[in-house]
$ cat coords.cif   # mmCIF, C-alpha atoms and all ligand atoms
data_coords
#
loop_
_atom_site.label_atom_id
_atom_site.label_comp_id
_atom_site.auth_asym_id
_atom_site.auth_seq_id
_atom_site.Cartn_x
_atom_site.Cartn_y
_atom_site.Cartn_z
CA MET T 298 0.00 0.00 0.00
CA PRO T 299 1.39 3.43 -0.87
CA PHE T 300 1.64 6.01 1.90
CA GLN T 301 2.68 9.62 2.36
CA THR T 302 5.79 10.24 4.37
CA ASP T 303 8.72 12.59 4.94
CA GLY T 304 12.26 11.95 3.87
CA MET T 305 15.49 13.88 4.35
CA VAL T 306 17.72 14.98 1.51
CA ILE T 307 21.21 13.50 1.87
CA LYS T 308 22.58 14.73 -1.46
CA ASN T 309 21.47 16.55 -4.60
CA GLU T 310 24.30 16.76 -7.10
CA ARG T 311 24.66 17.42 -10.79
CA ILE T 312 26.08 14.31 -12.45
CA GLN T 313 26.38 15.90 -15.89
CA SER T 314 24.71 18.57 -18.02
CA LEU T 315 20.98 18.56 -17.13
CA TYR T 316 21.09 15.40 -15.02
CA PHE T 317 21.09 15.31 -11.20
CA LEU T 318 21.17 12.61 -8.53
CA LEU T 319 18.96 13.20 -5.50
CA GLY T 320 19.49 11.01 -2.43
CA ILE T 321 16.72 10.83 0.21
CA TYR T 322 16.88 9.09 3.56
CA CYS T 323 13.45 7.45 3.81
CA PRO T 324 13.56 3.91 5.26
CA PRO T 325 9.79 3.22 5.01
CA ILE T 326 9.86 3.58 1.22
CA ALA T 327 13.43 2.35 0.65
CA ASN T 328 12.52 -0.89 2.45
CA GLN T 329 9.43 -1.57 0.35
CA ILE T 330 9.86 -0.20 -3.14
CA LYS T 331 10.39 -2.70 -5.98
CA PRO T 332 12.12 -2.18 -9.36
CA GLY T 333 9.81 -0.28 -11.70
CA GLN T 334 7.68 1.30 -8.98
CA PHE T 335 7.82 5.06 -8.48
CA VAL T 336 7.27 7.88 -5.99
CA MET T 337 5.37 11.17 -6.23
CA LEU T 338 7.63 13.89 -4.87
CA LYS T 339 6.72 17.38 -3.70
CA VAL T 340 9.61 19.14 -5.35
CA SER T 341 9.53 22.31 -3.26
CA ASP T 342 7.77 23.96 -0.29
CA ASP T 343 6.52 26.77 -2.57
CA ARG T 344 2.93 26.84 -3.77
CA ALA T 345 4.05 26.16 -7.34
CA PRO T 346 4.26 23.66 -8.75
CA PHE T 347 1.15 22.51 -6.97
CA LEU T 348 1.23 18.92 -8.17
CA ARG T 349 3.79 16.39 -7.07
CA ARG T 350 6.03 14.96 -9.79
CA PRO T 351 6.50 11.23 -10.51
CA PHE T 352 9.99 9.71 -10.38
CA SER T 353 11.31 6.20 -10.65
CA VAL T 354 13.75 5.15 -8.02
CA TYR T 355 17.21 4.75 -9.52
CA GLN T 356 18.47 2.84 -6.53
CA SER T 357 16.90 1.90 -3.23
CA CYS T 358 18.92 0.59 -0.33
CA PRO T 359 16.77 -1.33 2.15
CA ASP T 360 17.97 -2.07 5.66
CA PRO T 361 20.35 -4.99 5.05
CA TYR T 362 22.02 -3.12 2.12
CA PRO T 363 25.78 -3.93 2.07
CA GLU T 364 26.95 -0.27 2.03
CA LYS T 365 26.03 0.84 5.55
CA LYS T 366 25.93 4.57 4.83
CA LYS T 367 23.32 4.08 2.07
CA ARG T 368 20.93 2.00 4.19
CA GLY T 369 17.41 3.38 4.31
CA CYS T 370 18.08 5.70 1.36
CA LEU T 371 16.62 5.96 -2.10
CA PHE T 372 18.11 7.75 -5.08
CA ILE T 373 16.33 9.55 -7.89
CA LEU T 374 18.13 10.39 -11.10
CA TYR T 375 16.40 13.30 -12.78
CA LYS T 376 16.69 15.56 -15.77
CA ILE T 377 15.75 19.24 -15.73
CA VAL T 378 12.89 19.58 -18.22
CA GLY T 379 10.62 22.24 -16.70
CA LYS T 380 9.67 24.28 -13.68
CA GLY T 381 9.37 21.40 -11.19
CA THR T 382 12.61 19.67 -11.99
CA ARG T 383 14.39 23.06 -12.07
CA LYS T 384 13.14 23.76 -8.55
CA MET T 385 14.32 20.34 -7.44
CA THR T 386 17.91 21.36 -8.06
CA ALA T 387 17.59 23.78 -5.10
CA LEU T 388 16.87 20.99 -2.58
CA GLU T 389 19.63 20.98 0.01
CA LYS T 390 21.23 18.37 2.22
CA GLY T 391 19.27 18.11 5.49
CA GLN T 392 16.05 19.46 3.97
CA LYS T 393 12.76 17.62 4.57
CA VAL T 394 10.83 16.40 1.53
CA ASP T 395 7.34 15.00 1.24
CA LEU T 396 6.76 11.92 -0.89
CA ILE T 397 4.16 9.26 -1.64
CA GLY T 398 5.14 5.73 -2.52
CA PRO T 399 5.69 3.00 -3.44
CA LEU T 400 3.37 3.52 -6.42
CA GLY T 401 2.52 1.44 -9.47
CA ASN T 402 3.02 -2.21 -10.27
CA GLY T 403 6.76 -2.58 -11.00
CA PHE T 404 8.51 -5.04 -13.32
CA THR T 405 7.76 -8.75 -13.30
CA LEU T 406 11.11 -10.49 -12.85
CA PRO T 407 12.14 -13.40 -15.06
CA PRO T 408 11.94 -16.88 -13.53
CA LEU T 409 14.97 -18.47 -11.93
CA PRO T 410 17.02 -20.32 -13.13
CA SER T 411 16.89 -19.47 -16.82
CA SER T 412 19.21 -19.65 -19.82
CA ALA T 413 17.36 -16.75 -21.41
CA SER T 414 19.01 -13.36 -21.76
CA ILE T 415 17.78 -10.28 -20.00
CA ILE T 416 17.87 -7.18 -22.15
CA LEU T 417 17.45 -3.66 -20.80
CA ILE T 418 16.87 -0.78 -23.22
CA GLY T 419 16.91 2.76 -21.85
CA GLY T 420 16.34 5.90 -23.89
CA GLY T 421 17.52 9.17 -22.31
CA VAL T 422 16.57 9.52 -18.66
CA GLY T 423 14.49 6.31 -19.06
CA ILE T 424 17.62 4.37 -18.14
CA ALA T 425 17.08 5.64 -14.57
CA SER T 426 14.14 3.30 -14.03
CA LEU T 427 16.14 0.25 -15.14
CA TYR T 428 19.11 0.38 -12.78
CA SER T 429 17.35 -1.02 -9.72
CA LEU T 430 16.05 -3.84 -11.94
CA ALA T 431 19.59 -4.50 -13.16
CA GLU T 432 20.77 -4.62 -9.53
CA ALA T 433 18.09 -7.19 -8.75
CA LEU T 434 19.24 -9.27 -11.75
CA LYS T 435 23.00 -8.86 -11.45
CA ASP T 436 25.17 -11.79 -12.46
CA ARG T 437 22.38 -13.03 -14.75
CA ASN T 438 22.78 -12.92 -18.53
CA LEU T 439 22.39 -9.12 -18.70
CA PHE T 440 22.63 -6.93 -21.83
CA VAL T 441 22.14 -3.19 -21.39
CA PHE T 442 21.41 -0.85 -24.32
CA ILE T 443 21.72 2.84 -23.48
CA GLY T 444 20.76 5.60 -25.90
CA GLY T 445 20.47 9.37 -26.02
CA ARG T 446 20.58 12.30 -28.40
CA THR T 447 24.21 13.19 -27.64
CA ARG T 448 26.98 12.02 -25.31
CA GLU T 449 25.57 14.44 -22.70
CA ASP T 450 22.53 12.15 -22.44
CA ILE T 451 24.53 9.02 -21.66
CA PHE T 452 25.26 8.47 -17.99
CA CYS T 453 25.64 5.85 -15.28
CA VAL T 454 27.49 3.50 -17.61
CA GLU T 455 30.02 2.77 -14.86
CA ASP T 456 27.22 1.72 -12.48
CA PHE T 457 25.90 -0.79 -15.02
CA LYS T 458 29.42 -2.10 -15.69
CA LYS T 459 29.78 -3.02 -12.02
CA LEU T 460 26.87 -5.45 -12.49
CA ASN T 461 28.82 -7.54 -15.01
CA SER T 462 26.50 -6.63 -17.85
CA ALA T 463 27.36 -6.27 -21.53
CA ILE T 464 26.87 -2.60 -22.45
CA PHE T 465 25.91 -1.13 -25.84
CA ILE T 466 25.72 2.62 -26.42
CA ALA T 467 24.08 4.64 -29.20
CA THR T 468 23.76 8.39 -29.72
CA GLU T 469 21.74 10.04 -32.45
CA ASP T 470 24.58 12.42 -33.35
CA GLY T 471 27.25 9.71 -33.07
CA SER T 472 29.17 11.60 -30.35
CA LEU T 473 29.39 8.41 -28.26
CA GLY T 474 29.01 4.75 -29.22
CA VAL T 475 27.22 3.82 -32.43
CA LYS T 476 25.45 6.54 -34.42
CA GLY T 477 21.65 6.10 -34.46
CA THR T 478 18.90 5.33 -32.00
CA VAL T 479 19.17 2.77 -29.27
CA ILE T 480 16.46 0.73 -31.01
CA ASP T 481 18.49 0.69 -34.27
CA LEU T 482 21.41 -0.60 -32.24
CA PHE T 483 19.36 -3.27 -30.52
CA LEU T 484 17.94 -4.48 -33.85
CA THR T 485 21.45 -4.89 -35.27
CA GLN T 486 22.43 -7.01 -32.25
CA ARG T 487 19.31 -9.10 -32.00
CA LYS T 488 20.81 -12.18 -33.71
CA LYS T 489 23.00 -12.56 -30.60
CA PHE T 490 20.00 -13.91 -28.75
CA ASN T 491 19.48 -17.61 -29.28
CA ARG T 492 16.13 -18.37 -30.93
CA ARG T 493 15.67 -21.47 -28.79
CA TYR T 494 14.72 -19.33 -25.78
CA ARG T 495 12.30 -16.55 -25.06
CA HIS T 496 14.31 -13.62 -23.77
CA TYR T 497 13.19 -10.94 -21.34
CA LEU T 498 13.26 -7.38 -22.58
CA TYR T 499 12.68 -4.42 -20.25
CA THR T 500 12.56 -0.91 -21.53
CA CYS T 501 11.93 2.70 -20.56
CA GLY T 502 12.17 5.89 -22.58
CA PRO T 503 10.19 8.37 -24.62
CA THR T 504 6.91 7.34 -26.27
CA ALA T 505 8.51 7.56 -29.72
CA MET T 506 10.97 4.87 -28.67
CA PHE T 507 8.22 2.49 -27.58
CA LYS T 508 6.34 3.09 -30.81
CA THR T 509 9.39 2.31 -32.92
CA LEU T 510 10.14 -0.78 -30.87
CA SER T 511 6.58 -2.04 -31.14
CA LYS T 512 6.45 -1.40 -34.92
CA SER T 513 9.85 -2.69 -35.94
CA PHE T 514 9.84 -5.63 -33.74
CA ASN T 515 7.27 -8.36 -33.66
CA SER T 516 9.17 -11.29 -32.32
CA LYS T 517 7.86 -14.20 -30.33
CA ASN T 518 11.35 -14.64 -28.90
CA PHE T 519 11.11 -11.66 -26.59
CA ILE T 520 8.78 -10.93 -23.71
CA CYS T 521 8.73 -7.12 -23.62
CA GLN T 522 7.82 -5.02 -20.61
CA GLY T 523 7.93 -1.24 -20.88
CA SER T 524 7.73 1.37 -18.15
CA LEU T 525 5.66 4.26 -19.54
CA GLU T 526 6.22 7.88 -18.59
CA THR T 527 3.01 9.84 -19.12
CA ARG T 528 2.20 13.13 -17.44
CA MET T 529 0.47 12.53 -14.11
CA GLY T 530 -1.96 14.39 -11.90
CA CYS T 531 -2.51 12.46 -8.67
CA GLY T 532 -0.22 9.46 -9.22
CA PHE T 533 -2.46 7.03 -7.32
CA GLY T 534 -5.41 6.23 -9.55
CA ALA T 535 -7.94 8.97 -8.71
CA CYS T 536 -7.90 11.47 -11.60
CA TRP T 537 -7.62 9.26 -14.73
CA GLY T 538 -5.24 11.85 -16.17
CA CYS T 539 -2.62 9.33 -17.19
CA VAL T 540 -4.49 6.71 -19.22
CA VAL T 541 -3.11 4.69 -22.10
CA LYS T 542 -5.12 2.65 -24.60
CA THR T 543 -4.70 -1.11 -24.42
CA ASN T 544 -6.23 -4.21 -25.98
CA HIS T 545 -7.86 -5.16 -22.66
CA PRO T 546 -11.44 -6.24 -23.60
CA GLN T 547 -13.23 -4.81 -20.52
CA THR T 548 -11.06 -1.82 -19.57
CA PRO T 549 -9.21 -0.63 -22.67
CA TYR T 550 -8.09 2.61 -20.96
CA GLN T 551 -5.67 1.76 -18.20
CA ARG T 552 -4.02 4.14 -15.75
CA VAL T 553 -0.27 4.34 -16.06
CA CYS T 554 0.02 5.22 -12.35
CA LYS T 555 -2.13 2.34 -11.11
CA GLU T 556 -2.28 -0.56 -13.62
CA GLY T 557 1.21 0.52 -14.81
CA PRO T 558 3.64 2.12 -15.19
CA VAL T 559 4.90 -1.25 -16.46
CA PHE T 560 2.91 -2.88 -19.28
CA TYR T 561 3.54 -5.74 -21.66
CA LEU T 562 4.20 -3.79 -24.85
CA GLU T 563 2.10 -6.15 -26.96
CA ASN T 564 -0.97 -4.94 -25.01
CA ILE T 565 -0.55 -1.23 -25.75
CA LEU T 566 -2.45 0.32 -28.66
CA TRP T 567 -0.36 3.32 -29.67
CA GLU T 568 -2.52 6.19 -30.92
C1 LIG A 1 6.35 6.68 -13.68
C2 LIG A 1 7.27 7.81 -14.06
C3 LIG A 1 8.59 7.76 -13.71
C4 LIG A 1 9.44 8.82 -14.04
N1 LIG A 1 10.75 8.74 -13.67
C5 LIG A 1 11.58 9.75 -13.96
C6 LIG A 1 12.94 9.68 -13.55
O1 LIG A 1 13.39 8.72 -12.92
N2 LIG A 1 13.74 10.74 -13.85
C7 LIG A 1 13.25 11.85 -14.54
O2 LIG A 1 14.02 12.79 -14.79
N3 LIG A 1 11.98 11.91 -14.94
C8 LIG A 1 11.13 10.91 -14.66
N4 LIG A 1 9.82 10.99 -15.06
C9 LIG A 1 9.37 12.20 -15.77
C10 LIG A 1 9.16 13.32 -14.75
O3 LIG A 1 8.06 13.03 -13.95
C11 LIG A 1 8.92 14.65 -15.50
O4 LIG A 1 10.09 15.00 -16.20
C12 LIG A 1 8.58 15.74 -14.51
O5 LIG A 1 7.31 15.51 -13.95
C13 LIG A 1 8.59 17.08 -15.23
O6 LIG A 1 8.22 18.07 -14.31
P1 LIG A 1 8.55 19.59 -14.60
O7 LIG A 1 7.70 20.40 -13.68
O8 LIG A 1 10.02 19.82 -14.56
O9 LIG A 1 8.10 19.78 -16.09
P2 LIG A 1 6.85 20.61 -16.63
O10 LIG A 1 7.16 22.08 -16.44
O11 LIG A 1 5.59 20.08 -16.02
O12 LIG A 1 6.91 20.23 -18.16
C14 LIG A 1 8.06 20.57 -18.96
C15 LIG A 1 8.05 19.77 -20.24
O13 LIG A 1 8.25 18.36 -19.94
C16 LIG A 1 7.19 17.59 -20.50
N5 LIG A 1 6.86 16.53 -19.51
C17 LIG A 1 6.50 16.71 -18.24
N6 LIG A 1 6.25 15.53 -17.64
C18 LIG A 1 6.46 14.58 -18.58
C19 LIG A 1 6.35 13.16 -18.60
N7 LIG A 1 5.97 12.45 -17.52
N8 LIG A 1 6.66 12.52 -19.74
C20 LIG A 1 7.01 13.19 -20.82
N9 LIG A 1 7.13 14.55 -20.88
C21 LIG A 1 6.84 15.23 -19.79
C22 LIG A 1 6.03 18.56 -20.66
O14 LIG A 1 5.15 18.14 -21.70
C23 LIG A 1 6.74 19.84 -21.01
O15 LIG A 1 7.06 19.89 -22.38
C24 LIG A 1 8.94 9.95 -14.75
C25 LIG A 1 7.59 9.99 -15.10
C26 LIG A 1 6.76 8.95 -14.77
C27 LIG A 1 5.32 9.00 -15.14
S1 LIG A 2 -2.29 10.30 -12.41
FE1 LIG A 2 -4.28 10.38 -11.53
S2 LIG A 2 -5.09 8.46 -12.18
FE2 LIG A 2 -3.05 8.36 -12.86
#
$ encode --input "coords.cif" --output "structure tokens" --more "lines below"
Ligand SMILES: Cc1cc2nc3c(=O)[nH]c(=O)nc-3n(C[C@H](O)[C@H](O)[C@H](O)COP(=O)(O)OP(=O)(O)OC[C@H]3O[C@@H](n4cnc5c(N)ncnc54)[C@H](O)[C@@H]3O)c2cc1C
Ligand code: FES
Amino acid sequence: MPFQTDGMVIKNERIQSLYFLLGIYCPPIANQIKPGQFVMLKVSDDRAPFLRRPFSVYQSCPDPYPEKKKRGCLFILYKIVGKGTRKMTALEKGQKVDLIGPLGNGFTLPPLPSSASIILIGGGVGIASLYSLAEALKDRNLFVFIGGRTREDIFCVEDFKKLNSAIFIATEDGSLGVKGTVIDLFLTQRKKFNRRYRHYLYTCGPTAMFKTLSKSFNSKNFICQGSLETRMGCGFGACWGCVVKTNHPQTPYQRVCKEGPVFYLENILWE
């Protein structure tokens, strides 16, 4: 069950260009949140913006976490895109923040043991919602595809490397890794994945990326889950401001904040 609680900022640092890492000490949420779930954060004490903003948790460190100083903390990796995220950059160490979580359904993990590969595809800041999943799956057969417009949009590669994953990078301007989109890159590599198994593909990024993936890719060899990032009002199922159209016979419009944010991509009807 989600709940509202206070946390305390432990760090809020620029990692590069428009990207920041916010650390919050908040054991009640850090102990419960699962990969793919999210929090609604009040980004400032000012009246505006009035609505909380949704963020995935990049990393959560529940009580028995090996690094003692991170225990009880959760980390949000965010990009400045507008007024709320700009205000977030002013949060200071020691400051109290108000958040609601854990929200949403989270990713369904692949069964254990399995010879199948696990493929993560992150576009832009979408990669932030995949790191906690990668941590949960470390030392499995992990392939991580990271994409962005330019090299400024590629980050956290070192964190993924520590999980013994194979990393593939694409930028649209070719300033880092292969030139093109991350989906182009994945499609060129797809023969790597043995056709005898069904592989698990997890993805997060802009809507255009999901649409391209769904169109260009109709393979029975991959079970694809995507974490969608729509604009949200309440974040907990009350306003129906975040719906997406699906092939569900009874309830075609599903709420990204409640039934999602993770959906099997084959069930989404892109408009
Ligand atoms: C489940 C979920 C998880 C998310 N996780 C992260 C995360 O880990 N890190 C991160 O940086 N961002 C994440 N986002 C997106 C984040 O919530 C928005 O960037 C943020 O709400 C923007 O607030 P703002 O006030 O700065 O922008 P606004 O001033 O409200 O808008 C600025 C611009 O950004 C666009 N925009 C705003 N919200 C979204 C959105 N949700 N999707 C697409 N475009 C949007 C607007 O259309 C507008 O063009 C997530 C969103 C969802 C739904
Ligand atoms: S944001 Fe209100 S129902 Fe999803």
$ closest_residue --input "coords.cif" --among "T:Ala433, T:Val336, T:Ile415, T:Leu318" --to "ligand LIG 2 (chain A)" --atoms "only C-alpha atoms and all ligand atoms"
T:Val336
$ residues_around --input "coords.cif" --residues "segment 461-476 of chain T" --least-positions-apart "4" --cutoff "10 Å" --atoms "all atoms listed in the file" --output "PyMOL selection string"
chain T and resi 415-421+431+434-451+454-457+480-483+486
$ residues_near_ligand --input "coords.cif" --ligand "ligand LIG 2 (chain A)" --cutoff "12 Å" --atoms "all atoms listed in the file" --output "number ranges by chain"
T: 336-337, 348-351, 400-401, 525-541, 550-558
$ residues_near_ligand --input "coords.cif" --ligand "ligand LIG 1 (chain A)" --cutoff "7 Å" --atoms "all atoms listed in the file" --output "ChimeraX atom specification"
/T:335,346,350-355,373-383,422-423,425-426,503,525-529,554,558
$ closest_residue --input "coords.cif" --among "T:Tyr316, T:Tyr494, T:Phe452, T:Phe347" --to "Ser412 of chain T" --atoms "only C-alpha atoms"
T:Tyr494
$ residues_around --input "coords.cif" --residues "Arg495 of chain T" --least-positions-apart "6" --cutoff "9 Å" --atoms "only C-alpha atoms" --output "PyMOL selection string"
chain T and resi 413-414+517-520
$ residues_around --input "coords.cif" --residues "Tyr322 of chain T" --least-positions-apart "6" --cutoff "10 Å" --atoms "all atoms listed in the file" --output "list in words"
Asp303, Gly304, Met305, Val306, Ile307, Lys308, Ser357, Cys358, Lys367, Arg368, Gly369, Cys370, Leu371, Phe372, Gly391, Lys393 and Val394 of chain T
$ closest_residue --input "coords.cif" --among "T:Ser341, T:Asn564, T:Thr478, T:Gln334" --to "Lys542 of chain T" --atoms "all atoms listed in the file"
T:Asn564
$ atom_distance --input "coords.cif" --atom1 "atom CA of Gly333 of chain T" --atom2 "atom CA of Thr500 of chain T"
10.2 Å
$ atom_distance --input "coords.cif" --atom1 "atom CA of Leu430 of chain T" --atom2 "atom CA of Pro408 of chain T"
13.8 Å
$ residues_around --input "coords.cif" --residues "Glu563 of chain T" --least-positions-apart "6" --cutoff "12 Å" --atoms "all atoms listed in the file" --output "ChimeraX atom specification"
/T:507-508,510-512,514-517,519-523,542-545
$ build_atoms --input "coords.cif" --residues "segment 414-429 of chain T" --atoms "N, CA, C and O atoms" --output "PDB file, in the frame of the given file"
ATOM      1  N   SER T 414      18.302 -14.620 -22.017  1.00  0.00           N
ATOM      2  CA  SER T 414      19.010 -13.360 -21.760  1.00  0.00           C
ATOM      3  C   SER T 414      18.027 -12.331 -21.221  1.00  0.00           C
ATOM      4  O   SER T 414      16.820 -12.411 -21.482  1.00  0.00           O
ATOM      5  N   ILE T 415      18.593 -11.377 -20.513  1.00  0.00           N
ATOM      6  CA  ILE T 415      17.780 -10.280 -20.000  1.00  0.00           C
ATOM      7  C   ILE T 415      18.327  -9.007 -20.655  1.00  0.00           C
ATOM      8  O   ILE T 415      19.520  -8.705 -20.545  1.00  0.00           O
ATOM      9  N   ILE T 416      17.443  -8.324 -21.360  1.00  0.00           N
ATOM     10  CA  ILE T 416      17.870  -7.180 -22.150  1.00  0.00           C
ATOM     11  C   ILE T 416      17.197  -5.930 -21.601  1.00  0.00           C
ATOM     12  O   ILE T 416      15.971  -5.884 -21.464  1.00  0.00           O
ATOM     13  N   LEU T 417      18.003  -4.921 -21.273  1.00  0.00           N
ATOM     14  CA  LEU T 417      17.450  -3.660 -20.800  1.00  0.00           C
ATOM     15  C   LEU T 417      17.714  -2.604 -21.859  1.00  0.00           C
ATOM     16  O   LEU T 417      18.847  -2.486 -22.344  1.00  0.00           O
ATOM     17  N   ILE T 418      16.689  -1.841 -22.225  1.00  0.00           N
ATOM     18  CA  ILE T 418      16.870  -0.780 -23.220  1.00  0.00           C
ATOM     19  C   ILE T 418      16.369   0.529 -22.614  1.00  0.00           C
ATOM     20  O   ILE T 418      15.185   0.667 -22.303  1.00  0.00           O
ATOM     21  N   GLY T 419      17.287   1.472 -22.442  1.00  0.00           N
ATOM     22  CA  GLY T 419      16.910   2.760 -21.850  1.00  0.00           C
ATOM     23  C   GLY T 419      17.183   3.886 -22.824  1.00  0.00           C
ATOM     24  O   GLY T 419      18.284   4.006 -23.360  1.00  0.00           O
ATOM     25  N   GLY T 420      16.162   4.725 -23.037  1.00  0.00           N
ATOM     26  CA  GLY T 420      16.340   5.900 -23.890  1.00  0.00           C
ATOM     27  C   GLY T 420      16.356   7.141 -23.015  1.00  0.00           C
ATOM     28  O   GLY T 420      15.427   7.360 -22.230  1.00  0.00           O
ATOM     29  N   GLY T 421      17.416   7.942 -23.101  1.00  0.00           N
ATOM     30  CA  GLY T 421      17.520   9.170 -22.310  1.00  0.00           C
ATOM     31  C   GLY T 421      17.447   8.871 -20.825  1.00  0.00           C
ATOM     32  O   GLY T 421      18.025   7.894 -20.337  1.00  0.00           O
ATOM     33  N   VAL T 422      16.651   9.683 -20.118  1.00  0.00           N
ATOM     34  CA  VAL T 422      16.570   9.520 -18.660  1.00  0.00           C
ATOM     35  C   VAL T 422      15.813   8.237 -18.286  1.00  0.00           C
ATOM     36  O   VAL T 422      15.829   7.805 -17.135  1.00  0.00           O
ATOM     37  N   GLY T 423      15.191   7.583 -19.283  1.00  0.00           N
ATOM     38  CA  GLY T 423      14.490   6.310 -19.060  1.00  0.00           C
ATOM     39  C   GLY T 423      15.400   5.251 -18.454  1.00  0.00           C
ATOM     40  O   GLY T 423      14.928   4.352 -17.745  1.00  0.00           O
ATOM     41  N   ILE T 424      16.677   5.360 -18.687  1.00  0.00           N
ATOM     42  CA  ILE T 424      17.620   4.370 -18.140  1.00  0.00           C
ATOM     43  C   ILE T 424      17.556   4.364 -16.605  1.00  0.00           C
ATOM     44  O   ILE T 424      17.838   3.360 -15.956  1.00  0.00           O
ATOM     45  N   ALA T 425      17.130   5.513 -16.036  1.00  0.00           N
ATOM     46  CA  ALA T 425      17.080   5.640 -14.570  1.00  0.00           C
ATOM     47  C   ALA T 425      16.145   4.604 -13.944  1.00  0.00           C
ATOM     48  O   ALA T 425      16.381   4.140 -12.832  1.00  0.00           O
ATOM     49  N   SER T 426      15.085   4.234 -14.660  1.00  0.00           N
ATOM     50  CA  SER T 426      14.140   3.300 -14.030  1.00  0.00           C
ATOM     51  C   SER T 426      14.598   1.853 -14.183  1.00  0.00           C
ATOM     52  O   SER T 426      13.956   0.953 -13.675  1.00  0.00           O
ATOM     53  N   LEU T 427      15.708   1.640 -14.900  1.00  0.00           N
ATOM     54  CA  LEU T 427      16.140   0.250 -15.140  1.00  0.00           C
ATOM     55  C   LEU T 427      17.293  -0.185 -14.239  1.00  0.00           C
ATOM     56  O   LEU T 427      17.614  -1.364 -14.173  1.00  0.00           O
ATOM     57  N   TYR T 428      17.918   0.773 -13.550  1.00  0.00           N
ATOM     58  CA  TYR T 428      19.110   0.380 -12.780  1.00  0.00           C
ATOM     59  C   TYR T 428      18.762  -0.514 -11.584  1.00  0.00           C
ATOM     60  O   TYR T 428      19.442  -1.509 -11.330  1.00  0.00           O
ATOM     61  N   SER T 429      17.678  -0.190 -10.883  1.00  0.00           N
ATOM     62  CA  SER T 429      17.350  -1.020  -9.720  1.00  0.00           C
ATOM     63  C   SER T 429      16.944  -2.431 -10.173  1.00  0.00           C
ATOM     64  O   SER T 429      17.195  -3.417  -9.479  1.00  0.00           O
TER      65      SER T 429
END
